[in-house]
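Peer 1: I'm passing along my_file.csv; it holds CSV, C-alpha atoms.
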```csv
chain,number,residue,atom,x,y,z
V,1,MET,CA,0.0,-3.8,-42.9
V,2,GLY,CA,-2.0,-4.9,-46.0
V,3,GLU,CA,-0.8,-7.9,-47.9
V,4,LYS,CA,0.4,-6.9,-51.4
V,5,SER,CA,-1.1,-9.9,-53.2
V,6,SER,CA,-4.5,-9.6,-51.8
V,7,ALA,CA,-4.5,-5.8,-52.1
V,8,LYS,CA,-5.0,-5.9,-55.9
V,9,SER,CA,-7.9,-8.3,-56.1
V,10,GLY,CA,-9.3,-7.2,-52.8
V,11,LYS,CA,-9.5,-3.5,-53.5
V,12,GLY,CA,-12.9,-3.4,-55.1
V,13,PHE,CA,-14.1,-5.7,-52.4
V,14,GLY,CA,-12.6,-3.5,-49.7
V,15,ILE,CA,-14.4,-0.5,-51.1
V,16,PHE,CA,-17.7,-2.4,-51.2
V,17,VAL,CA,-17.4,-3.6,-47.6
V,18,THR,CA,-16.5,-0.2,-46.3
V,19,PHE,CA,-19.4,1.3,-48.3
V,20,CYS,CA,-21.8,-1.2,-46.8
V,21,VAL,CA,-20.6,-0.6,-43.2
V,22,MET,CA,-20.7,3.2,-43.6
V,23,PHE,CA,-24.2,3.2,-45.2
V,24,LEU,CA,-25.6,0.9,-42.5
V,25,PHE,CA,-24.2,3.2,-39.9
V,26,TRP,CA,-25.8,6.2,-41.7
V,27,LEU,CA,-29.2,4.5,-41.8
V,28,LEU,CA,-29.0,3.5,-38.1
V,29,LEU,CA,-28.1,7.0,-37.0
V,30,SER,CA,-30.5,9.0,-39.2
V,31,GLY,CA,-33.6,6.8,-39.3
V,32,ILE,CA,-35.2,8.9,-42.0
V,33,LEU,CA,-35.9,7.1,-45.2
V,34,ASP,CA,-36.8,9.8,-47.7
V,35,PRO,CA,-34.8,10.1,-51.0
V,36,ILE,CA,-32.8,13.2,-49.9
V,37,HIS,CA,-31.4,11.7,-46.8
V,38,VAL,CA,-30.8,8.2,-48.2
V,39,GLY,CA,-29.2,9.8,-51.3
V,40,ALA,CA,-26.9,12.0,-49.2
V,41,GLY,CA,-26.0,8.9,-47.2
V,42,ILE,CA,-25.1,7.0,-50.3
V,43,ILE,CA,-22.9,9.8,-51.6
V,44,CYS,CA,-21.1,10.3,-48.3
V,45,SER,CA,-20.5,6.6,-47.8
V,46,LEU,CA,-19.1,6.3,-51.3
V,47,ILE,CA,-16.6,9.1,-50.8
V,48,ILE,CA,-15.5,7.6,-47.5
V,49,ALA,CA,-15.2,4.2,-49.0
V,50,PHE,CA,-13.0,5.5,-51.8
V,51,VAL,CA,-10.8,7.5,-49.6
V,52,SER,CA,-10.3,5.3,-46.6
V,53,HIS,CA,-11.2,1.7,-47.5
V,54,ASP,CA,-7.7,0.6,-46.7
V,55,LEU,CA,-8.1,1.6,-43.1
V,56,LEU,CA,-11.0,-0.8,-42.5
V,57,VAL,CA,-10.1,-3.8,-44.7
V,58,THR,CA,-6.4,-4.5,-44.2
V,59,GLN,CA,-6.2,-8.3,-44.7
V,60,LYS,CA,-7.8,-11.1,-46.5
V,61,TRP,CA,-11.5,-11.5,-45.7
V,62,ASP,CA,-11.5,-15.0,-44.2
V,63,LYS,CA,-8.6,-14.1,-41.9
V,64,MET,CA,-10.4,-11.0,-40.6
V,65,LEU,CA,-13.6,-12.9,-40.0
V,66,ARG,CA,-11.8,-15.6,-37.9
V,67,LYS,CA,-10.0,-12.8,-36.0
V,68,SER,CA,-13.3,-11.0,-35.3
V,69,GLY,CA,-14.8,-14.3,-34.1
V,70,ARG,CA,-12.0,-14.8,-31.6
V,71,PHE,CA,-12.1,-11.1,-30.7
V,72,ILE,CA,-15.7,-11.3,-29.7
V,73,ILE,CA,-15.0,-14.3,-27.3
V,74,TYR,CA,-12.1,-12.2,-25.9
V,75,VAL,CA,-14.4,-9.2,-25.4
V,76,VAL,CA,-16.8,-11.3,-23.3
V,77,TRP,CA,-13.9,-12.4,-21.0
V,78,GLU,CA,-12.8,-8.8,-20.9
V,79,LEU,CA,-16.2,-7.5,-19.8
V,80,TRP,CA,-16.1,-9.9,-16.9
V,81,GLN,CA,-12.6,-8.6,-16.0
V,82,ILE,CA,-13.9,-5.0,-16.1
V,83,LEU,CA,-16.6,-5.9,-13.6
V,84,LEU,CA,-14.0,-7.5,-11.3
V,85,ALA,CA,-11.8,-4.4,-11.8
V,86,ASN,CA,-14.5,-2.1,-10.6
V,87,PHE,CA,-15.3,-4.1,-7.5
V,88,ASP,CA,-11.5,-4.2,-6.9
V,89,VAL,CA,-11.2,-0.4,-7.1
V,90,ALA,CA,-14.4,0.2,-5.2
V,91,TYR,CA,-13.1,-2.1,-2.4
V,92,ARG,CA,-9.7,-0.3,-2.3
V,93,VAL,CA,-11.3,3.1,-2.2
V,94,LEU,CA,-14.0,2.5,0.3
V,95,HIS,CA,-11.8,0.4,2.7
V,96,PRO,CA,-10.9,2.6,5.7
V,97,LYS,CA,-7.1,1.7,5.5
V,98,MET,CA,-6.9,1.9,1.7
V,99,PRO,CA,-4.8,-1.2,0.8
V,100,ILE,CA,-2.7,0.2,-2.0
V,101,ASP,CA,0.9,-0.2,-2.8
V,102,PRO,CA,1.6,1.5,-6.2
V,103,SER,CA,4.5,0.6,-8.4
V,104,VAL,CA,5.6,1.0,-12.0
V,105,ILE,CA,6.5,-2.2,-13.8
V,106,GLU,CA,7.8,-3.1,-17.2
V,107,PHE,CA,7.4,-6.2,-19.3
V,108,ASP,CA,8.0,-7.4,-22.9
V,109,THR,CA,5.5,-9.0,-25.2
V,110,SER,CA,5.6,-10.7,-28.6
V,111,LEU,CA,2.9,-8.4,-30.0
V,112,ARG,CA,3.8,-6.0,-32.8
V,113,SER,CA,0.8,-5.1,-34.9
V,114,ASP,CA,-1.0,-1.8,-34.1
V,115,LEU,CA,-4.4,-3.4,-33.4
V,116,ALA,CA,-3.0,-6.1,-31.0
V,117,ILE,CA,-1.0,-3.5,-29.0
V,118,VAL,CA,-3.9,-1.1,-28.8
V,119,THR,CA,-6.2,-4.0,-27.6
V,120,LEU,CA,-3.7,-5.1,-25.0
V,121,ALA,CA,-3.1,-1.5,-23.8
V,122,ASN,CA,-6.8,-0.7,-23.4
V,123,SER,CA,-7.4,-4.1,-21.8
V,124,ILE,CA,-4.7,-3.4,-19.2
V,125,THR,CA,-6.2,0.0,-18.5
V,126,LEU,CA,-9.7,-1.5,-18.0
V,127,THR,CA,-8.8,-4.5,-15.9
V,128,PRO,CA,-8.1,-4.7,-12.2
V,129,GLY,CA,-5.5,-2.3,-10.8
V,130,THR,CA,-3.3,-1.5,-13.8
V,131,ILE,CA,-3.0,1.3,-16.3
V,132,THR,CA,-0.7,1.5,-19.3
V,133,ILE,CA,1.8,4.3,-19.2
V,134,ASN,CA,4.1,3.9,-22.2
V,135,ILE,CA,4.5,1.5,-25.1
V,136,ASP,CA,7.6,0.9,-27.2
V,137,GLN,CA,6.2,-0.6,-30.3
V,138,GLU,CA,9.4,-1.9,-31.8
V,139,LYS,CA,10.4,-3.9,-28.8
V,140,GLY,CA,6.8,-4.6,-27.7
V,141,ARG,CA,7.7,-3.3,-24.3
V,142,PHE,CA,4.9,-2.1,-22.0
V,143,GLN,CA,5.3,0.2,-19.0
V,144,VAL,CA,2.4,-0.2,-16.6
V,145,HIS,CA,1.3,1.5,-13.4
V,146,ALA,CA,-0.1,-1.0,-10.9
V,147,ILE,CA,-2.0,0.1,-7.8
V,148,ALA,CA,-1.0,-3.0,-5.7
V,149,GLN,CA,1.3,-6.0,-5.9
V,150,LYS,CA,-1.3,-8.6,-6.9
V,151,PRO,CA,-2.4,-7.0,-10.2
V,152,ALA,CA,1.2,-6.4,-11.0
V,153,ASP,CA,2.0,-10.1,-10.6
V,154,ALA,CA,-1.0,-11.0,-12.8
V,155,LEU,CA,0.8,-9.2,-15.7
V,156,LEU,CA,4.4,-10.2,-14.8
V,157,VAL,CA,4.0,-13.8,-13.7
V,158,ASP,CA,0.6,-15.2,-15.0
V,159,LYS,CA,0.5,-13.4,-18.3
V,160,THR,CA,-3.0,-14.6,-18.9
V,161,MET,CA,-4.0,-11.4,-20.7
V,162,GLN,CA,-1.0,-11.3,-23.0
V,163,GLU,CA,-1.6,-14.9,-24.0
V,164,LYS,CA,-5.2,-14.3,-24.7
V,165,VAL,CA,-4.5,-11.2,-26.9
V,166,ALA,CA,-1.7,-13.0,-28.7
V,167,LYS,CA,-4.1,-15.9,-29.4
V,168,VAL,CA,-6.7,-13.5,-30.8
V,169,PHE,CA,-4.2,-11.9,-33.2
V,170,MET,CA,-2.1,-15.1,-33.7
V,171,GLU,CA,1.3,-13.7,-32.9
V,172,GLU,CA,2.9,-16.4,-30.8
J,1,MET,CA,-49.3,-10.1,-17.9
J,2,VAL,CA,-48.3,-6.5,-18.4
J,3,GLU,CA,-48.1,-6.0,-14.7
J,4,LEU,CA,-45.9,-9.0,-14.3
J,5,ILE,CA,-43.4,-7.8,-17.0
J,6,GLU,CA,-43.3,-4.4,-15.3
J,7,MET,CA,-42.8,-6.0,-11.9
J,8,ILE,CA,-39.7,-7.8,-13.3
J,9,LEU,CA,-38.4,-5.2,-15.6
J,10,LEU,CA,-38.5,-2.1,-13.4
J,11,PRO,CA,-36.4,-3.6,-10.6
J,12,ILE,CA,-33.8,-4.6,-13.3
J,13,VAL,CA,-33.7,-1.1,-14.6
J,14,VAL,CA,-33.4,0.3,-11.1
J,15,LEU,CA,-30.7,-2.2,-10.3
J,16,PHE,CA,-28.6,-1.1,-13.4
J,17,LEU,CA,-29.1,2.6,-12.5
J,18,ALA,CA,-28.2,2.0,-8.9
J,19,ALA,CA,-25.1,-0.1,-9.7
J,20,GLY,CA,-24.0,2.7,-12.1
J,21,VAL,CA,-24.5,5.4,-9.5
J,22,PHE,CA,-22.6,3.3,-7.0
J,23,PHE,CA,-19.6,2.9,-9.2
J,24,MET,CA,-19.6,6.6,-10.2
J,25,LEU,CA,-19.8,7.4,-6.5
J,26,ALA,CA,-16.9,5.0,-5.7
J,27,GLY,CA,-14.9,6.8,-8.4
J,28,ALA,CA,-15.6,10.2,-7.0
J,29,ILE,CA,-14.6,9.1,-3.5
J,30,GLY,CA,-11.5,7.5,-4.9
J,31,LEU,CA,-10.6,10.8,-6.6
J,32,LEU,CA,-10.8,12.5,-3.2
J,33,ARG,CA,-9.2,9.8,-1.0
J,34,LEU,CA,-6.3,8.4,-3.0
J,35,PRO,CA,-2.9,9.9,-2.5
J,36,ASP,CA,-1.5,10.9,-5.9
J,37,PHE,CA,-2.2,11.6,-9.6
J,38,TYR,CA,-1.7,8.0,-10.8
J,39,THR,CA,-3.8,6.2,-8.2
J,40,ARG,CA,-6.6,8.8,-8.7
J,41,LEU,CA,-6.6,7.9,-12.4
J,42,HIS,CA,-7.2,4.3,-11.4
J,43,ALA,CA,-10.4,5.3,-9.6
J,44,THR,CA,-11.8,7.6,-12.3
J,45,GLY,CA,-10.6,5.7,-15.3
J,46,LYS,CA,-12.2,2.4,-14.3
J,47,CYS,CA,-15.2,3.3,-12.3
J,48,ASP,CA,-16.5,6.0,-14.7
J,49,THR,CA,-16.3,3.6,-17.6
J,50,LEU,CA,-18.5,0.9,-16.0
J,51,GLY,CA,-20.7,3.4,-14.2
J,52,GLU,CA,-21.6,5.2,-17.4
J,53,VAL,CA,-22.2,2.0,-19.3
J,54,LEU,CA,-24.4,0.6,-16.6
J,55,ILE,CA,-26.6,3.7,-16.4
J,56,ILE,CA,-26.9,3.9,-20.2
J,57,PHE,CA,-27.8,0.2,-20.3
J,58,GLY,CA,-30.5,0.7,-17.7
J,59,LEU,CA,-32.0,3.6,-19.7
J,60,LEU,CA,-31.8,1.4,-22.9
J,61,ILE,CA,-34.0,-1.3,-21.3
J,62,TYR,CA,-36.4,1.3,-20.1
J,63,HIS,CA,-36.6,2.9,-23.5
J,64,VAL,CA,-37.2,-0.4,-25.3
J,65,TYR,CA,-40.1,-1.3,-23.1
J,66,TYR,CA,-41.8,2.1,-22.7
J,67,TYR,CA,-41.2,4.0,-25.9
J,68,SER,CA,-40.4,1.5,-28.7
J,69,PRO,CA,-43.7,-0.4,-29.3
J,70,GLY,CA,-45.6,1.3,-32.1
J,71,ALA,CA,-43.3,4.3,-32.2
J,72,GLU,CA,-41.7,5.9,-35.3
J,73,LEU,CA,-38.5,4.5,-36.7
J,74,SER,CA,-36.4,7.4,-35.4
J,75,VAL,CA,-37.6,6.7,-31.9
J,76,GLN,CA,-37.1,2.9,-32.3
J,77,LEU,CA,-33.5,3.6,-33.3
J,78,VAL,CA,-32.6,5.3,-30.0
J,79,PRO,CA,-31.5,2.1,-28.3
J,80,VAL,CA,-29.1,1.4,-31.3
J,81,LYS,CA,-27.6,4.9,-30.7
J,82,LEU,CA,-27.2,4.1,-27.0
J,83,LEU,CA,-25.5,0.8,-27.9
J,84,PHE,CA,-23.0,2.8,-30.1
J,85,LEU,CA,-22.5,5.1,-27.2
J,86,ILE,CA,-21.5,2.2,-25.0
J,87,CYS,CA,-19.0,1.0,-27.6
J,88,PHE,CA,-17.4,4.4,-27.9
J,89,ILE,CA,-17.1,4.8,-24.1
J,90,PHE,CA,-15.3,1.5,-24.0
J,91,PHE,CA,-12.9,2.6,-26.6
J,92,ALA,CA,-12.5,6.3,-25.6
J,93,ASN,CA,-12.3,6.0,-21.8
J,94,PRO,CA,-9.2,3.8,-21.5
J,95,THR,CA,-7.5,5.6,-24.3
J,96,ALA,CA,-8.0,9.0,-22.6
J,97,THR,CA,-6.9,7.6,-19.3
J,98,HIS,CA,-3.8,6.3,-20.9
J,99,ALA,CA,-3.1,9.6,-22.7
J,100,ILE,CA,-3.3,11.6,-19.4
J,101,MET,CA,-1.2,9.0,-17.6
J,102,LYS,CA,1.5,9.1,-20.3
J,103,ALA,CA,1.6,12.9,-20.4
J,104,ALA,CA,2.0,13.0,-16.6
J,105,TYR,CA,4.7,10.3,-16.6
J,106,ASN,CA,6.7,12.0,-19.4
J,107,THR,CA,6.6,15.4,-17.7
J,108,GLY,CA,8.0,13.8,-14.6
J,109,VAL,CA,5.2,13.6,-12.0
J,110,LYS,CA,6.6,11.2,-9.4
J,111,PRO,CA,4.5,8.2,-8.5
J,112,TRP,CA,3.5,7.9,-4.8
J,113,LYS,CA,5.1,4.9,-3.0
J,114,LYS,CA,3.8,3.0,0.0
J,115,GLY,CA,4.9,4.8,3.2
J,116,ASP,CA,5.3,8.2,1.5
J,117,ARG,CA,3.7,11.2,3.0
J,118,ARG,CA,0.3,12.1,1.4
J,119,MET,CA,0.6,14.9,-1.1
```
Could you spell out this file's structure in structure tokens?
Peer 2:
Amino acid sequence: MGEKSSAKSGKGFGIFVTFCVMFLFWLLLSGILDPIHVGAGIICSLIIAFVSHDLLVTQKWDKMLRKSGRFIIYVVWELWQILLANFDVAYRVLHPKMPIDPSVIEFDTSLRSDLAIVTLANSITLTPGTITINIDQEKGRFQVHAIAQKPADALLVDKTMQEKVAKVFMEE
Amino acid sequence: MVELIEMILLPIVVLFLAAGVFFMLAGAIGLLRLPDFYTRLHATGKCDTLGEVLIIFGLLIYHVYYYSPGAELSVQLVPVKLLFLICFIFFANPTATHAIMKAAYNTGVKPWKKGDRRM
């Protein structure tokens, strides 16, 4: 995943960023500022930063920043979709006749990277009437259970969500 | 002034809690009414996520208004922890739903089709 050229110069930077994130997390969770607790936090954050900095910082900094910016915009859209999903499910469940017509569908995407696929899979699960069943990462093939025909068409025909995720991770 | 804030704030908190309870209830009813394993996961996987998040958010607003002013740092940090909780629910819930779904599909639980007898 990491780019070889940036890995060399970016290693110290990656450790530093990971350390900052971990230490901030520690401070927010503990809220006690005496030397023992802060010292323990610094030591733990350093160990974690050395061992696992390559999990957090995988790419060049500016690239990741731009991705995070687009990701936040996507999350806002996703939250709205989640709200719609819940009204949809509540409607189907509480309706006396239960308008459901479940089916299992398959579709291919151009997404390959771990993060992009996880994002799309979780988005599918959270949005109206669809849950991810299986993913073939090499082919980018998703197997999805849809509760009715309309949400299935949203993934098969409209493909709004796939395009949005692809845009966030720039894998067109 | 204080009364005015309370008059606006408390209904908002109650609204969040009520909406959360409504979605949790819808999820529970769905668990009972829907015909098979997969459709039941639709109800629990989605409604529980939003229901929990709405309830936590209502409590967060309540906490910020009633406990935070003039409190110790550890008390003031409680809303931050609640925010982390919301984030983790949004990651963990769909992942767990997907894991259960995949396990069921791979072990050969048949999806219910329209017109089938209820199981």
Peer 1: Restrict the distance test to all atoms listed in the file, flag each residue of chain J within 9 Å of chain V, and return the flagged residues as JSON, numbers by chain.
Peer 2: {"J": [22, 23, 26, 27, 29, 30, 31, 33, 34, 38, 39, 41, 42, 43, 45, 46, 47, 49, 50, 73, 74, 75, 76, 77, 78, 80, 81, 90, 91, 93, 94, 95, 97, 98, 99, 100, 101, 102, 103, 105, 106, 111, 112, 113, 114, 115]}
Peer 1: Could you jot down the atom CA of Leu120 of chain V to atom CA of Val165 of chain V separation for me, Å, one decimal place?
Peer 2: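 One can read the atom CA of Leu120 of chain V to atom CA of Val165 of chain V distance as 6.4 Å.
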Peer 1: Provide the atom CA of Ala166 of chain V to atom CA of Met64 of chain V distance in Å, to one decimal place.
Peer 2: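 We find that atom CA of Ala166 of chain V and atom CA of Met64 of chain V lie 14.9 Å from each other.
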Peer 1: Just want the 7 Å neighbourhood of Met24 of chain J, counted on only C-alpha atoms, with same-chain residues fewer than 4 positions away dropped. Output as a PDB file with C-alpha atoms, keeping the file's coordinate frame.
Peer 2:
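Resulting contents of around_32.pdb:
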```pdb
ATOM      1  CA  GLY J  20     -24.000   2.700 -12.100  1.00  0.00           C
ATOM      2  CA  ALA J  28     -15.600  10.200  -7.000  1.00  0.00           C
ATOM      3  CA  CYS J  47     -15.200   3.300 -12.300  1.00  0.00           C
ATOM      4  CA  ASP J  48     -16.500   6.000 -14.700  1.00  0.00           C
ATOM      5  CA  GLY J  51     -20.700   3.400 -14.200  1.00  0.00           C
TER       6      GLY J  51
END
```
Peer 1: Got a sec: who's within 12 Å of Tyr66 of chain J, counting only C-alpha atoms, leaving out chain neighbours fewer than 6 positions off, as number ranges by chain?
Peer 2: J: 2, 5-6, 9-10, 13, 59-60, 75-76, 79
Peer 1: When you draw a straight line from atom CA of Asp108 of chain V to atom CA of Glu138 of chain V, how long is it in Å?
Peer 2: 10.6 Å
Peer 1: Check the smallest atom-to-atom distance from each of V:Glu163, V:Leu115, V:Ile72, V:Ile42 to Leu56 of chain V using all atoms listed in the file, then report the winner.
Peer 2: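 Closest candidate: V:Leu115.
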Peer 1: Taking into account all atoms listed in the file, which residue in the set J:Leu25, J:Ile8, J:Leu82, J:Ser68 is nearest to Ile56 of chain J?
Peer 2: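 Checking each candidate against Ile56 of chain J, we get J:Leu82 as the closest.
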Peer 1: Give the answer as one residue: which of V:Cys44, V:Lys167, V:Leu155, V:Trp77 has the shortest atom-to-atom distance to Glu106 of chain V, using only C-alpha atoms?
Peer 2: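 Comparing V:Cys44, V:Lys167, V:Leu155, V:Trp77 against Glu106 of chain V, the winner is V:Leu155.
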Peer 1: Could you please give me, as a PyMOL selection string, the residues of protein, DNA or RNA lying at most 7 Å from (3.0, -3.2, -26.1) in the coordinate frame of the file, considering all atoms listed in the file?
Peer 2: chain V and resi 109+111+117+121+135-137+140-142
Peer 1: Store the residues picked out above, limited to C-alpha atoms, as a compact mmCIF listing (two decimals), in the coordinates of the input.
Peer 2:
```
# COMPACT_ATOMS: atom_id res chain seq x y z
CA THR V 109 5.50 -9.00 -25.20
CA LEU V 111 2.90 -8.40 -30.00
CA ILE V 117 -1.00 -3.50 -29.00
CA ALA V 121 -3.10 -1.50 -23.80
CA ILE V 135 4.50 1.50 -25.10
CA ASP V 136 7.60 0.90 -27.20
CA GLN V 137 6.20 -0.60 -30.30
CA GLY V 140 6.80 -4.60 -27.70
CA ARG V 141 7.70 -3.30 -24.30
CA PHE V 142 4.90 -2.10 -22.00
```
Peer 1: Starting from the incomplete input, reconstruct N, CA and C atoms of segment 11-43 of chain V and report them as a PDB file, keeping the file's coordinate frame.
Peer 2:
```
ATOM      1  N   LYS V  11      -9.233  -4.895 -53.682  1.00  0.00           N
ATOM      2  CA  LYS V  11      -9.500  -3.500 -53.500  1.00  0.00           C
ATOM      3  C   LYS V  11     -10.959  -3.124 -53.733  1.00  0.00           C
ATOM      4  N   GLY V  12     -11.526  -3.637 -54.843  1.00  0.00           N
ATOM      5  CA  GLY V  12     -12.900  -3.400 -55.100  1.00  0.00           C
ATOM      6  C   GLY V  12     -13.794  -3.933 -53.959  1.00  0.00           C
ATOM      7  N   PHE V  13     -13.423  -5.105 -53.502  1.00  0.00           N
ATOM      8  CA  PHE V  13     -14.100  -5.700 -52.400  1.00  0.00           C
ATOM      9  C   PHE V  13     -14.047  -4.912 -51.133  1.00  0.00           C
ATOM     10  N   GLY V  14     -12.832  -4.376 -50.873  1.00  0.00           N
ATOM     11  CA  GLY V  14     -12.600  -3.500 -49.700  1.00  0.00           C
ATOM     12  C   GLY V  14     -13.508  -2.313 -49.728  1.00  0.00           C
ATOM     13  N   ILE V  15     -13.561  -1.684 -50.934  1.00  0.00           N
ATOM     14  CA  ILE V  15     -14.400  -0.500 -51.100  1.00  0.00           C
ATOM     15  C   ILE V  15     -15.866  -0.853 -50.828  1.00  0.00           C
ATOM     16  N   PHE V  16     -16.281  -1.997 -51.366  1.00  0.00           N
ATOM     17  CA  PHE V  16     -17.700  -2.400 -51.200  1.00  0.00           C
ATOM     18  C   PHE V  16     -18.019  -2.652 -49.738  1.00  0.00           C
ATOM     19  N   VAL V  17     -17.138  -3.365 -49.033  1.00  0.00           N
ATOM     20  CA  VAL V  17     -17.400  -3.600 -47.600  1.00  0.00           C
ATOM     21  C   VAL V  17     -17.466  -2.358 -46.811  1.00  0.00           C
ATOM     22  N   THR V  18     -16.491  -1.460 -47.048  1.00  0.00           N
ATOM     23  CA  THR V  18     -16.500  -0.200 -46.300  1.00  0.00           C
ATOM     24  C   THR V  18     -17.763   0.598 -46.605  1.00  0.00           C
ATOM     25  N   PHE V  19     -18.170   0.612 -47.899  1.00  0.00           N
ATOM     26  CA  PHE V  19     -19.400   1.300 -48.300  1.00  0.00           C
ATOM     27  C   PHE V  19     -20.595   0.750 -47.495  1.00  0.00           C
ATOM     28  N   CYS V  20     -20.706  -0.581 -47.447  1.00  0.00           N
ATOM     29  CA  CYS V  20     -21.800  -1.200 -46.800  1.00  0.00           C
ATOM     30  C   CYS V  20     -21.866  -0.819 -45.284  1.00  0.00           C
ATOM     31  N   VAL V  21     -20.694  -0.923 -44.644  1.00  0.00           N
ATOM     32  CA  VAL V  21     -20.600  -0.600 -43.200  1.00  0.00           C
ATOM     33  C   VAL V  21     -21.013   0.843 -42.972  1.00  0.00           C
ATOM     34  N   MET V  22     -20.447   1.752 -43.795  1.00  0.00           N
ATOM     35  CA  MET V  22     -20.700   3.200 -43.600  1.00  0.00           C
ATOM     36  C   MET V  22     -22.189   3.502 -43.835  1.00  0.00           C
ATOM     37  N   PHE V  23     -22.770   2.886 -44.881  1.00  0.00           N
ATOM     38  CA  PHE V  23     -24.200   3.200 -45.200  1.00  0.00           C
ATOM     39  C   PHE V  23     -25.110   2.654 -44.134  1.00  0.00           C
ATOM     40  N   LEU V  24     -24.799   1.460 -43.628  1.00  0.00           N
ATOM     41  CA  LEU V  24     -25.600   0.900 -42.500  1.00  0.00           C
ATOM     42  C   LEU V  24     -25.554   1.819 -41.315  1.00  0.00           C
ATOM     43  N   PHE V  25     -24.352   2.295 -41.042  1.00  0.00           N
ATOM     44  CA  PHE V  25     -24.200   3.200 -39.900  1.00  0.00           C
ATOM     45  C   PHE V  25     -24.989   4.469 -40.114  1.00  0.00           C
ATOM     46  N   TRP V  26     -24.966   4.997 -41.331  1.00  0.00           N
ATOM     47  CA  TRP V  26     -25.800   6.200 -41.700  1.00  0.00           C
ATOM     48  C   TRP V  26     -27.238   5.943 -41.401  1.00  0.00           C
ATOM     49  N   LEU V  27     -27.751   4.806 -41.922  1.00  0.00           N
ATOM     50  CA  LEU V  27     -29.200   4.500 -41.800  1.00  0.00           C
ATOM     51  C   LEU V  27     -29.551   4.388 -40.304  1.00  0.00           C
ATOM     52  N   LEU V  28     -28.704   3.712 -39.532  1.00  0.00           N
ATOM     53  CA  LEU V  28     -29.000   3.500 -38.100  1.00  0.00           C
ATOM     54  C   LEU V  28     -29.029   4.849 -37.372  1.00  0.00           C
ATOM     55  N   LEU V  29     -28.129   5.752 -37.757  1.00  0.00           N
ATOM     56  CA  LEU V  29     -28.100   7.000 -37.000  1.00  0.00           C
ATOM     57  C   LEU V  29     -29.172   7.977 -37.484  1.00  0.00           C
ATOM     58  N   SER V  30     -29.544   7.969 -38.783  1.00  0.00           N
ATOM     59  CA  SER V  30     -30.500   9.000 -39.200  1.00  0.00           C
ATOM     60  C   SER V  30     -31.950   8.461 -39.012  1.00  0.00           C
ATOM     61  N   GLY V  31     -32.282   7.266 -39.475  1.00  0.00           N
ATOM     62  CA  GLY V  31     -33.600   6.800 -39.300  1.00  0.00           C
ATOM     63  C   GLY V  31     -34.689   7.430 -40.119  1.00  0.00           C
ATOM     64  N   ILE V  32     -34.269   8.278 -41.065  1.00  0.00           N
ATOM     65  CA  ILE V  32     -35.200   8.900 -42.000  1.00  0.00           C
ATOM     66  C   ILE V  32     -34.988   8.335 -43.369  1.00  0.00           C
ATOM     67  N   LEU V  33     -36.053   7.858 -43.990  1.00  0.00           N
ATOM     68  CA  LEU V  33     -35.900   7.100 -45.200  1.00  0.00           C
ATOM     69  C   LEU V  33     -36.375   7.782 -46.468  1.00  0.00           C
ATOM     70  N   ASP V  34     -36.429   9.129 -46.487  1.00  0.00           N
ATOM     71  CA  ASP V  34     -36.800   9.800 -47.700  1.00  0.00           C
ATOM     72  C   ASP V  34     -35.636   9.927 -48.678  1.00  0.00           C
ATOM     73  N   PRO V  35     -35.907  10.151 -49.995  1.00  0.00           N
ATOM     74  CA  PRO V  35     -34.800  10.100 -51.000  1.00  0.00           C
ATOM     75  C   PRO V  35     -33.650  11.033 -50.689  1.00  0.00           C
ATOM     76  N   ILE V  36     -33.941  12.227 -50.161  1.00  0.00           N
ATOM     77  CA  ILE V  36     -32.800  13.200 -49.900  1.00  0.00           C
ATOM     78  C   ILE V  36     -31.840  12.642 -48.937  1.00  0.00           C
ATOM     79  N   HIS V  37     -32.353  12.153 -47.799  1.00  0.00           N
ATOM     80  CA  HIS V  37     -31.400  11.700 -46.800  1.00  0.00           C
ATOM     81  C   HIS V  37     -30.700  10.427 -47.175  1.00  0.00           C
ATOM     82  N   VAL V  38     -31.431   9.482 -47.789  1.00  0.00           N
ATOM     83  CA  VAL V  38     -30.800   8.200 -48.200  1.00  0.00           C
ATOM     84  C   VAL V  38     -29.741   8.551 -49.303  1.00  0.00           C
ATOM     85  N   GLY V  39     -30.108   9.472 -50.251  1.00  0.00           N
ATOM     86  CA  GLY V  39     -29.200   9.800 -51.300  1.00  0.00           C
ATOM     87  C   GLY V  39     -27.908  10.454 -50.759  1.00  0.00           C
ATOM     88  N   ALA V  40     -28.080  11.396 -49.826  1.00  0.00           N
ATOM     89  CA  ALA V  40     -26.900  12.000 -49.200  1.00  0.00           C
ATOM     90  C   ALA V  40     -26.051  10.970 -48.516  1.00  0.00           C
ATOM     91  N   GLY V  41     -26.716   9.996 -47.877  1.00  0.00           N
ATOM     92  CA  GLY V  41     -26.000   8.900 -47.200  1.00  0.00           C
ATOM     93  C   GLY V  41     -25.173   8.112 -48.178  1.00  0.00           C
ATOM     94  N   ILE V  42     -25.780   7.772 -49.341  1.00  0.00           N
ATOM     95  CA  ILE V  42     -25.100   7.000 -50.300  1.00  0.00           C
ATOM     96  C   ILE V  42     -23.833   7.735 -50.834  1.00  0.00           C
ATOM     97  N   ILE V  43     -24.016   9.037 -51.131  1.00  0.00           N
ATOM     98  CA  ILE V  43     -22.900   9.800 -51.600  1.00  0.00           C
ATOM     99  C   ILE V  43     -21.755   9.890 -50.615  1.00  0.00           C
TER     100      ILE V  43
END
```
